[in-house]
Structures are given as C-alpha cells and as structure tokens.
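Trainee: Attaching a single structure in structure tokens format; questions to follow.
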Amino acid sequence: MRIYKVKDYNEMSRKAANIISAQVILKPDTVLGLATGSSPIGIYKQLAAWYQKGDLDFSEVRSVNLDEYQGLSPENNQSYAYFMRHNFFDAINIKKENTYIPNGLAEDTAAECTRYNAIIRNLGGIDLQLLGLGGNGHIGFNEPGDCFEKETHLVKLSDNTITANSRFFDSAEDVPKYAISTGIKNIMQAKSILLIVSGPAKAKALYKALCGPITPAVPASILQLHNNVTVVADEEALELVPDSIIFY
Ligand code: GLP
C-alpha cells in the first residue's frame with residue numbers, strides 16, 4: 001500500500017487526477033471504477049480541465065460506478081447518474097454508452113444486481129477503482145456489518161450515512177433509505193485501487209481502515225489485503241496515522 005500525504009483537498013485532487021490520467025494515457029480503453037460524493041469532485045474537475053486542454057482522451061474509456069440510490073431516476077438531480085453527468089461525463093468525451101451505473105429504478109433489484117455484476121465481468125474487470133471513504137468506514141455503500149457483502153447488492157443505508165448524505169438533500173427524510181452497491185469482492189477484484197480521503201471528519205475512519213483490524217465493522221479495512229492500493233489523503237485525514245507508514 002502506498003500512502004501519500006498531501007496538504008489539502010486541492011492537492012489531493014491534483015495528485016489523484018494525475019494517477020488516473022496516467023492510467024488513461026497508458027491504457028486508453030481502461031475500465032475505471034468511479035465514485036461519487038464530495039471527495040472526487042475536484043478530481044473530476046481537474047481531469048475535465050486536462051481534457052479541455054487536449055491532454056487527455058476518454059473516447060475509449062469505460063466506466064462503472066460504485067453505487068446508486070434506490071428509487072431515484074437518472075434525471076433526479078440527487079441521483080448518482082445525474083452527479084456523474086453533471087460533474088464529469090458532460091465535460092469530457094467519454095461515450096455515454098460506455099458508462100455504467102446501477103439502475104435505481106429497477107423493479108427487480110436482484111436481477112439488476114446480477115446484470116451489474118455481469119457488466120463488470122464482461123468489461124474484463126476494473127483496472128483502477130476510485131474510492132472515497134464514509135465517515136463510518138464504508139466504501140461504495142458497503143456499510144459496517146457482520147460480514148463483507150461480496151457482489152452487487154441492495155443495501156439498507158445506516159442512520160450515520162443518511163445523516164452524512166442529508167447535506168445534499170433538502171432534509172434527512174428525503175435521503176433514500178436503500179441503495180444498490182457493488183460489493184467488497186467487486187472492489188477487491190479491481191487491479192488497482194485509489195482511495196482518496198480529505199478532512200478531519202474522516203481521520204478516525206481512515207486510521208481504522210489503514211491501521212486497525214480487518215473487519216466488516218470497518219469495510220475499508222479489507223483494502224489492507226489488496227496488493228495494489230494507493231491512498232492519497234490530506235494532513236487532516238491522516239492525523240492519527242503514524243508517519244512511519246506514510247510515503248510522501
Ligand atoms: C457516499 C458514497 C461513497 C462516498 C462516501 C463519502 O455515501 N456512496 O462512495 O465515498 O459517501 O462521501 P464524501 O466524499 O462526500 O465524504
């Protein structure tokens with residue numbers, strides 16, 4: 001595991017964008033696993049800026065997103081499908097038919113989960129999976145629990161996550177109670193993983209993820225078992241992690 005400590009959110013975004021950009025340059029038809037939330041917005045902005053300058057080409061890139069709220073249509077401005085278009089896809093030349101996000105409106109959720117797992121498999125797996133970190137240690141929407149969920153599944157969101165994500169909605173009542181998320185096995189099968197973390201609110205979760213026991217109570221702790229993980233986190237997020245394990 002490589003851990004890069006950076007000054008702040010902007011530096012985190014630039015460094016992580018550099019890593020993704022290298023991946024796209026080295027493998028133009030790369031399969032990117034993409035994330036939502038506030039953490040990756042700066043990365044998407046930076047990548048879009050490099051695309052606008054002519055430094056990056058996404059025309060062959062394929063993408064699979066981690067998750068989607070159940071019950072929200074892609075047109076709903078709180079959906080992750082909308083988020084991705086608004087924050088990234090509309091600003092670059094990725095082909096919309098090469099972008100995949102779970103269908104939050106699927107009537108048969110189990111069939112949707114099976115379909116999504118097959119999409120990832122048929123793409124040949126994920127080359128680079130971008131991950132944010134929930135304040136409770138979740139990745140994607142893999143919430144703390146008694147076991148690791150393996151593949152795409154329906155998740156009942158924890159109160160902690162509903163409260164954390166309510167900042168994007170008018171009120172906590174408006175936050176969907178369920179989501180469809182890829183599982184820990186989908187994430188762990190990615191060839192490489194890029195975890196980005198910023199701010200003091202994530203310090204405890206990041207410490208547990210990197211230094212604590214590997215347990216489904218802290219889903220991100222499983223990343224300790226992956227052999228190609230890069231963490232880019234800022235000083236505040238890394239506050240509790242000993243310097244001895246950090247690369248600058
Ligand atoms: C959300 C997403 C995660 C994201 C996390 C952190 O619930 N499902 O993929 O990493 O919460 O979000 P943020 O980056 O806004 O702190």
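Scheme for the structure tokens: letters A, B, ... for chains in order shown; per-chain residue numbers from 1; ligand numbers from 1 in order shown.
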Would you pick out the contacts of A:Ser158 at 9 Å or less, using only C-alpha atoms, so that residues sharing its chain but fewer than 2 positions from it are not included, and give the list as an mmCIF file with N, CA and C atoms, in the first residue's frame?

Mentor:
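Full text of result_10.cif as output:
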```cif
data_model
loop_
_atom_site.group_PDB
_atom_site.id
_atom_site.type_symbol
_atom_site.label_atom_id
_atom_site.label_comp_id
_atom_site.auth_asym_id
_atom_site.auth_seq_id
_atom_site.Cartn_x
_atom_site.Cartn_y
_atom_site.Cartn_z
ATOM 1 N N GLU A 143 -21.837 -0.860 3.925
ATOM 2 C CA GLU A 143 -21.933 -0.327 5.280
ATOM 3 C C GLU A 143 -21.300 -1.287 6.292
ATOM 4 N N PRO A 144 -20.894 -0.764 7.448
ATOM 5 C CA PRO A 144 -20.387 -1.646 8.500
ATOM 6 C C PRO A 144 -21.420 -2.719 8.832
ATOM 7 N N VAL A 155 -28.620 -2.372 -0.355
ATOM 8 C CA VAL A 155 -28.129 -2.006 0.977
ATOM 9 C C VAL A 155 -29.163 -1.164 1.698
ATOM 10 N N LYS A 156 -29.395 -1.450 2.945
ATOM 11 C CA LYS A 156 -30.166 -0.520 3.774
ATOM 12 C C LYS A 156 -29.158 0.459 4.358
ATOM 13 N N ASN A 160 -26.140 6.724 10.161
ATOM 14 C CA ASN A 160 -24.946 7.551 10.032
ATOM 15 C C ASN A 160 -24.790 8.073 8.594
ATOM 16 N N THR A 161 -24.959 7.172 7.629
ATOM 17 C CA THR A 161 -24.800 7.555 6.220
ATOM 18 C C THR A 161 -25.932 8.478 5.779
ATOM 19 N N ILE A 162 -27.150 8.180 6.233
ATOM 20 C CA ILE A 162 -28.289 9.034 5.862
ATOM 21 C C ILE A 162 -28.068 10.452 6.393
ATOM 22 N N THR A 163 -27.596 10.539 7.632
ATOM 23 C CA THR A 163 -27.319 11.868 8.201
ATOM 24 C C THR A 163 -26.199 12.545 7.417
ATOM 25 N N LYS A 177 -33.583 5.443 1.547
ATOM 26 C CA LYS A 177 -33.179 4.561 2.653
ATOM 27 C C LYS A 177 -32.375 3.361 2.135
#
```

Trainee: Go through stretch 54-117 of chain A and flag each residue having an atom no more than 9 Å from stretch 23-36 of chain A; for those, report the closest pair of atoms plus their distance in Å to one decimal, using only C-alpha atoms, ordered by chain and rising number, as JSON lines.

Mentor:
```
{"residue": "A:Leu56", "atom": "CA", "partner": "A:Ile25", "partner_atom": "CA", "distance": 7.2}
{"residue": "A:Asp57", "atom": "CA", "partner": "A:Pro28", "partner_atom": "CA", "distance": 7.5}
{"residue": "A:Phe58", "atom": "CA", "partner": "A:Pro28", "partner_atom": "CA", "distance": 7.2}
{"residue": "A:Ser59", "atom": "CA", "partner": "A:Pro28", "partner_atom": "CA", "distance": 8.0}
{"residue": "A:Glu60", "atom": "CA", "partner": "A:Asp29", "partner_atom": "CA", "distance": 4.6}
{"residue": "A:Val61", "atom": "CA", "partner": "A:Asp29", "partner_atom": "CA", "distance": 4.5}
{"residue": "A:Arg62", "atom": "CA", "partner": "A:Val31", "partner_atom": "CA", "distance": 4.8}
{"residue": "A:Ser63", "atom": "CA", "partner": "A:Leu32", "partner_atom": "CA", "distance": 4.7}
{"residue": "A:Val64", "atom": "CA", "partner": "A:Gly33", "partner_atom": "CA", "distance": 4.9}
{"residue": "A:Asn65", "atom": "CA", "partner": "A:Leu34", "partner_atom": "CA", "distance": 4.6}
{"residue": "A:Leu66", "atom": "CA", "partner": "A:Ala35", "partner_atom": "CA", "distance": 5.8}
{"residue": "A:Asp67", "atom": "CA", "partner": "A:Ala35", "partner_atom": "CA", "distance": 7.8}
{"residue": "A:Tyr80", "atom": "CA", "partner": "A:Thr36", "partner_atom": "CA", "distance": 6.7}
{"residue": "A:Phe83", "atom": "CA", "partner": "A:Thr36", "partner_atom": "CA", "distance": 7.2}
{"residue": "A:Met84", "atom": "CA", "partner": "A:Thr36", "partner_atom": "CA", "distance": 7.3}
```

Trainee: Residues within 10 Å of A:Glu239, please, as an mmCIF file with N, CA and C atoms, in the first residue's frame. Count only C-alpha atoms; anything in the same chain fewer than 3 positions from it doesn't count.

Mentor:
```cif
data_model
loop_
_atom_site.group_PDB
_atom_site.id
_atom_site.type_symbol
_atom_site.label_atom_id
_atom_site.label_comp_id
_atom_site.auth_asym_id
_atom_site.auth_seq_id
_atom_site.Cartn_x
_atom_site.Cartn_y
_atom_site.Cartn_z
ATOM 1 N N LYS A 5 0.721 11.557 1.661
ATOM 2 C CA LYS A 5 0.121 12.611 2.498
ATOM 3 C C LYS A 5 0.257 13.935 1.762
ATOM 4 N N GLY A 199 -9.974 15.753 5.082
ATOM 5 C CA GLY A 199 -10.679 16.415 6.181
ATOM 6 C C GLY A 199 -10.668 15.659 7.498
ATOM 7 N N PRO A 200 -10.804 16.415 8.596
ATOM 8 C CA PRO A 200 -10.703 15.836 9.941
ATOM 9 C C PRO A 200 -11.833 14.860 10.264
ATOM 10 N N LYS A 202 -12.845 12.494 8.690
ATOM 11 C CA LYS A 202 -12.547 11.136 8.224
ATOM 12 C C LYS A 202 -11.355 10.508 8.954
ATOM 13 N N ALA A 203 -10.721 11.273 9.868
ATOM 14 C CA ALA A 203 -9.456 10.813 10.459
ATOM 15 C C ALA A 203 -9.602 9.473 11.187
ATOM 16 N N LYS A 204 -10.664 9.323 11.989
ATOM 17 C CA LYS A 204 -10.842 8.074 12.745
ATOM 18 C C LYS A 204 -11.069 6.907 11.800
ATOM 19 N N LEU A 206 -10.215 6.641 8.709
ATOM 20 C CA LEU A 206 -9.016 6.329 7.918
ATOM 21 C C LEU A 206 -7.995 5.577 8.772
ATOM 22 N N TYR A 207 -7.854 6.005 10.023
ATOM 23 C CA TYR A 207 -6.933 5.288 10.922
ATOM 24 C C TYR A 207 -7.348 3.825 11.047
ATOM 25 N N ALA A 233 -4.280 11.135 0.757
ATOM 26 C CA ALA A 233 -5.097 11.737 1.815
ATOM 27 C C ALA A 233 -4.410 12.988 2.334
ATOM 28 N N ASP A 234 -5.211 13.903 2.838
ATOM 29 C CA ASP A 234 -4.591 15.143 3.305
ATOM 30 C C ASP A 234 -4.189 15.032 4.779
ATOM 31 N N GLU A 235 -3.461 16.069 5.221
ATOM 32 C CA GLU A 235 -2.889 16.044 6.585
ATOM 33 C C GLU A 235 -3.963 15.824 7.633
ATOM 34 N N GLU A 236 -5.107 16.486 7.466
ATOM 35 C CA GLU A 236 -6.158 16.354 8.489
ATOM 36 C C GLU A 236 -6.714 14.935 8.539
ATOM 37 N N PRO A 242 0.317 6.901 11.913
ATOM 38 C CA PRO A 242 1.733 7.185 12.187
ATOM 39 C C PRO A 242 2.525 7.477 10.919
ATOM 40 N N ASP A 243 3.412 8.461 11.044
ATOM 41 C CA ASP A 243 4.235 8.891 9.912
ATOM 42 C C ASP A 243 5.060 7.743 9.330
#
```

Trainee: Produce as number ranges by chain the set of residues near ligand 1, where near means within 7 Å with only C-alpha atoms and all ligand atoms considered.

Mentor: A: 35-40, 66-67, 131-135, 139-141, 161, 165

Trainee: Let me see the file: selected residues, N, CA, C and O atoms, as a PDB file, in the first residue's frame.

Mentor:
```pdb
ATOM      1  N   ALA A  35     -16.460   6.862  -8.384  1.00  0.00           N
ATOM      2  CA  ALA A  35     -17.133   7.112  -7.109  1.00  0.00           C
ATOM      3  C   ALA A  35     -17.837   8.461  -7.140  1.00  0.00           C
ATOM      4  O   ALA A  35     -17.516   9.327  -7.962  1.00  0.00           O
ATOM      5  N   THR A  36     -18.769   8.622  -6.216  1.00  0.00           N
ATOM      6  CA  THR A  36     -19.466   9.902  -6.083  1.00  0.00           C
ATOM      7  C   THR A  36     -19.155  10.484  -4.699  1.00  0.00           C
ATOM      8  O   THR A  36     -18.243  10.022  -4.039  1.00  0.00           O
ATOM      9  N   GLY A  37     -19.917  11.461  -4.281  1.00  0.00           N
ATOM     10  CA  GLY A  37     -19.652  12.127  -3.003  1.00  0.00           C
ATOM     11  C   GLY A  37     -18.842  13.388  -3.256  1.00  0.00           C
ATOM     12  O   GLY A  37     -18.458  13.673  -4.401  1.00  0.00           O
ATOM     13  N   SER A  38     -18.545  14.119  -2.198  1.00  0.00           N
ATOM     14  CA  SER A  38     -17.823  15.377  -2.387  1.00  0.00           C
ATOM     15  C   SER A  38     -16.339  15.148  -2.650  1.00  0.00           C
ATOM     16  O   SER A  38     -15.690  15.958  -3.306  1.00  0.00           O
ATOM     17  N   SER A  39     -15.801  14.017  -2.156  1.00  0.00           N
ATOM     18  CA  SER A  39     -14.352  13.794  -2.296  1.00  0.00           C
ATOM     19  C   SER A  39     -13.852  13.819  -3.742  1.00  0.00           C
ATOM     20  O   SER A  39     -12.827  14.437  -4.018  1.00  0.00           O
ATOM     21  N   PRO A  40     -14.493  13.139  -4.702  1.00  0.00           N
ATOM     22  CA  PRO A  40     -13.902  13.093  -6.041  1.00  0.00           C
ATOM     23  C   PRO A  40     -14.215  14.286  -6.947  1.00  0.00           C
ATOM     24  O   PRO A  40     -13.689  14.354  -8.068  1.00  0.00           O
ATOM     25  N   LEU A  66     -19.759   2.875  -8.576  1.00  0.00           N
ATOM     26  CA  LEU A  66     -19.897   2.011  -7.400  1.00  0.00           C
ATOM     27  C   LEU A  66     -21.337   1.761  -6.993  1.00  0.00           C
ATOM     28  O   LEU A  66     -21.679   0.670  -6.561  1.00  0.00           O
ATOM     29  N   ASP A  67     -22.172   2.808  -7.123  1.00  0.00           N
ATOM     30  CA  ASP A  67     -23.472   2.668  -6.468  1.00  0.00           C
ATOM     31  C   ASP A  67     -24.498   3.662  -7.008  1.00  0.00           C
ATOM     32  O   ASP A  67     -24.161   4.594  -7.750  1.00  0.00           O
ATOM     33  N   LEU A 131     -12.023   5.271  -4.900  1.00  0.00           N
ATOM     34  CA  LEU A 131     -12.888   5.120  -3.722  1.00  0.00           C
ATOM     35  C   LEU A 131     -12.793   6.340  -2.822  1.00  0.00           C
ATOM     36  O   LEU A 131     -11.691   6.843  -2.567  1.00  0.00           O
ATOM     37  N   GLY A 132     -13.937   6.782  -2.330  1.00  0.00           N
ATOM     38  CA  GLY A 132     -13.957   7.710  -1.205  1.00  0.00           C
ATOM     39  C   GLY A 132     -14.124   6.869   0.056  1.00  0.00           C
ATOM     40  O   GLY A 132     -14.221   5.630  -0.013  1.00  0.00           O
ATOM     41  N   LEU A 133     -14.181   7.528   1.189  1.00  0.00           N
ATOM     42  CA  LEU A 133     -14.341   6.802   2.455  1.00  0.00           C
ATOM     43  C   LEU A 133     -15.485   7.427   3.241  1.00  0.00           C
ATOM     44  O   LEU A 133     -15.507   8.647   3.453  1.00  0.00           O
ATOM     45  N   GLY A 134     -16.431   6.597   3.658  1.00  0.00           N
ATOM     46  CA  GLY A 134     -17.512   7.104   4.516  1.00  0.00           C
ATOM     47  C   GLY A 134     -16.967   7.377   5.909  1.00  0.00           C
ATOM     48  O   GLY A 134     -15.992   6.748   6.340  1.00  0.00           O
ATOM     49  N   GLY A 135     -17.585   8.280   6.626  1.00  0.00           N
ATOM     50  CA  GLY A 135     -17.166   8.594   7.997  1.00  0.00           C
ATOM     51  C   GLY A 135     -17.257   7.376   8.905  1.00  0.00           C
ATOM     52  O   GLY A 135     -16.599   7.309   9.939  1.00  0.00           O
ATOM     53  N   ILE A 139     -17.181   1.876   2.076  1.00  0.00           N
ATOM     54  CA  ILE A 139     -16.678   2.119   0.721  1.00  0.00           C
ATOM     55  C   ILE A 139     -17.799   1.729  -0.244  1.00  0.00           C
ATOM     56  O   ILE A 139     -18.466   0.717  -0.049  1.00  0.00           O
ATOM     57  N   GLY A 140     -17.986   2.557  -1.306  1.00  0.00           N
ATOM     58  CA  GLY A 140     -19.215   2.413  -2.078  1.00  0.00           C
ATOM     59  C   GLY A 140     -20.326   2.649  -1.071  1.00  0.00           C
ATOM     60  O   GLY A 140     -20.274   3.593  -0.279  1.00  0.00           O
ATOM     61  N   PHE A 141     -21.318   1.771  -1.052  1.00  0.00           N
ATOM     62  CA  PHE A 141     -22.298   1.803   0.034  1.00  0.00           C
ATOM     63  C   PHE A 141     -22.210   0.509   0.832  1.00  0.00           C
ATOM     64  O   PHE A 141     -23.205  -0.005   1.317  1.00  0.00           O
ATOM     65  N   THR A 161     -24.959   7.172   7.629  1.00  0.00           N
ATOM     66  CA  THR A 161     -24.800   7.555   6.220  1.00  0.00           C
ATOM     67  C   THR A 161     -25.932   8.478   5.779  1.00  0.00           C
ATOM     68  O   THR A 161     -25.699   9.457   5.059  1.00  0.00           O
ATOM     69  N   ASN A 165     -25.205  12.103   4.359  1.00  0.00           N
ATOM     70  CA  ASN A 165     -25.556  12.459   2.987  1.00  0.00           C
ATOM     71  C   ASN A 165     -26.731  13.429   2.897  1.00  0.00           C
ATOM     72  O   ASN A 165     -27.038  13.929   1.818  1.00  0.00           O
TER      73      ASN A 165
END
```

Trainee: Give the answer as one residue: which of A:Leu223, A:Val232, A:Leu240, A:Ala106 has the shortest atom-to-atom distance to A:Ala17, using only C-alpha atoms?

Mentor: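 Closest residue, counting only C-alpha atoms: A:Val232.
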
Trainee: Using backbone DSSP assignments, extract all alpha helix (DSSP H) residues from stretch 3-179 of chain A; output them as a ChimeraX atom specification.

Mentor: /A:9-26,41-53,80-87,109-122,159-165

Trainee: Can I get the selection written as a PDB file, in the first residue's frame, with C-alpha atoms?

Mentor:
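Result went into result14.pdb, see below:
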```pdb
ATOM      1  CA  TYR A   9      -8.225  18.817  -0.707  1.00  0.00           C
ATOM      2  CA  ASN A  10      -6.818  20.618  -3.763  1.00  0.00           C
ATOM      3  CA  GLU A  11      -3.502  18.783  -3.602  1.00  0.00           C
ATOM      4  CA  MET A  12      -5.324  15.501  -3.070  1.00  0.00           C
ATOM      5  CA  SER A  13      -7.440  16.160  -6.138  1.00  0.00           C
ATOM      6  CA  ARG A  14      -4.449  17.044  -8.318  1.00  0.00           C
ATOM      7  CA  LYS A  15      -2.367  14.054  -7.249  1.00  0.00           C
ATOM      8  CA  ALA A  16      -5.235  11.595  -7.639  1.00  0.00           C
ATOM      9  CA  ALA A  17      -6.139  13.108 -11.010  1.00  0.00           C
ATOM     10  CA  ASN A  18      -2.519  12.610 -12.073  1.00  0.00           C
ATOM     11  CA  ILE A  19      -2.729   8.928 -11.165  1.00  0.00           C
ATOM     12  CA  ILE A  20      -5.987   8.454 -13.093  1.00  0.00           C
ATOM     13  CA  SER A  21      -4.631  10.414 -16.021  1.00  0.00           C
ATOM     14  CA  ALA A  22      -1.532   8.183 -16.171  1.00  0.00           C
ATOM     15  CA  GLN A  23      -3.822   5.160 -16.230  1.00  0.00           C
ATOM     16  CA  VAL A  24      -5.873   6.571 -19.122  1.00  0.00           C
ATOM     17  CA  ILE A  25      -2.754   7.515 -21.084  1.00  0.00           C
ATOM     18  CA  LEU A  26      -1.115   4.114 -20.592  1.00  0.00           C
ATOM     19  CA  ILE A  41     -15.420  16.345  -7.379  1.00  0.00           C
ATOM     20  CA  GLY A  42     -12.026  18.112  -7.514  1.00  0.00           C
ATOM     21  CA  ILE A  43     -10.507  15.140  -9.354  1.00  0.00           C
ATOM     22  CA  TYR A  44     -13.249  15.195 -11.974  1.00  0.00           C
ATOM     23  CA  LYS A  45     -12.788  18.959 -12.437  1.00  0.00           C
ATOM     24  CA  GLN A  46      -9.045  18.540 -12.907  1.00  0.00           C
ATOM     25  CA  LEU A  47      -9.427  15.644 -15.367  1.00  0.00           C
ATOM     26  CA  ALA A  48     -12.019  17.629 -17.333  1.00  0.00           C
ATOM     27  CA  ALA A  49      -9.628  20.611 -17.454  1.00  0.00           C
ATOM     28  CA  TRP A  50      -6.841  18.417 -18.844  1.00  0.00           C
ATOM     29  CA  TYR A  51      -9.282  17.008 -21.392  1.00  0.00           C
ATOM     30  CA  GLN A  52     -10.282  20.552 -22.447  1.00  0.00           C
ATOM     31  CA  LYS A  53      -6.582  21.383 -22.897  1.00  0.00           C
ATOM     32  CA  TYR A  80     -25.557   9.438  -8.793  1.00  0.00           C
ATOM     33  CA  ALA A  81     -26.277   9.132 -12.522  1.00  0.00           C
ATOM     34  CA  TYR A  82     -27.045  12.858 -12.567  1.00  0.00           C
ATOM     35  CA  PHE A  83     -23.985  13.560 -10.382  1.00  0.00           C
ATOM     36  CA  MET A  84     -21.687  11.785 -12.827  1.00  0.00           C
ATOM     37  CA  ARG A  85     -23.068  13.584 -15.872  1.00  0.00           C
ATOM     38  CA  HIS A  86     -23.024  16.943 -14.150  1.00  0.00           C
ATOM     39  CA  ASN A  87     -19.591  16.645 -12.516  1.00  0.00           C
ATOM     40  CA  THR A 109     -33.444  -5.467  -7.684  1.00  0.00           C
ATOM     41  CA  ALA A 110     -31.929  -8.953  -7.602  1.00  0.00           C
ATOM     42  CA  ALA A 111     -31.949  -9.098 -11.419  1.00  0.00           C
ATOM     43  CA  GLU A 112     -30.382  -5.629 -11.550  1.00  0.00           C
ATOM     44  CA  CYS A 113     -27.587  -6.746  -9.211  1.00  0.00           C
ATOM     45  CA  THR A 114     -26.933  -9.818 -11.386  1.00  0.00           C
ATOM     46  CA  ARG A 115     -26.946  -7.649 -14.522  1.00  0.00           C
ATOM     47  CA  TYR A 116     -24.466  -5.212 -12.971  1.00  0.00           C
ATOM     48  CA  ASN A 117     -22.075  -7.963 -11.872  1.00  0.00           C
ATOM     49  CA  ALA A 118     -22.174  -9.329 -15.430  1.00  0.00           C
ATOM     50  CA  ILE A 119     -21.355  -5.881 -16.838  1.00  0.00           C
ATOM     51  CA  ILE A 120     -18.222  -5.673 -14.684  1.00  0.00           C
ATOM     52  CA  ARG A 121     -17.219  -9.220 -15.650  1.00  0.00           C
ATOM     53  CA  ASN A 122     -17.849  -8.619 -19.371  1.00  0.00           C
ATOM     54  CA  ASP A 159     -28.506   6.221  10.020  1.00  0.00           C
ATOM     55  CA  ASN A 160     -24.946   7.551  10.032  1.00  0.00           C
ATOM     56  CA  THR A 161     -24.800   7.555   6.220  1.00  0.00           C
ATOM     57  CA  ILE A 162     -28.289   9.034   5.862  1.00  0.00           C
ATOM     58  CA  THR A 163     -27.319  11.868   8.201  1.00  0.00           C
ATOM     59  CA  ALA A 164     -23.971  12.407   6.435  1.00  0.00           C
ATOM     60  CA  ASN A 165     -25.556  12.459   2.987  1.00  0.00           C
TER      61      ASN A 165
END
```
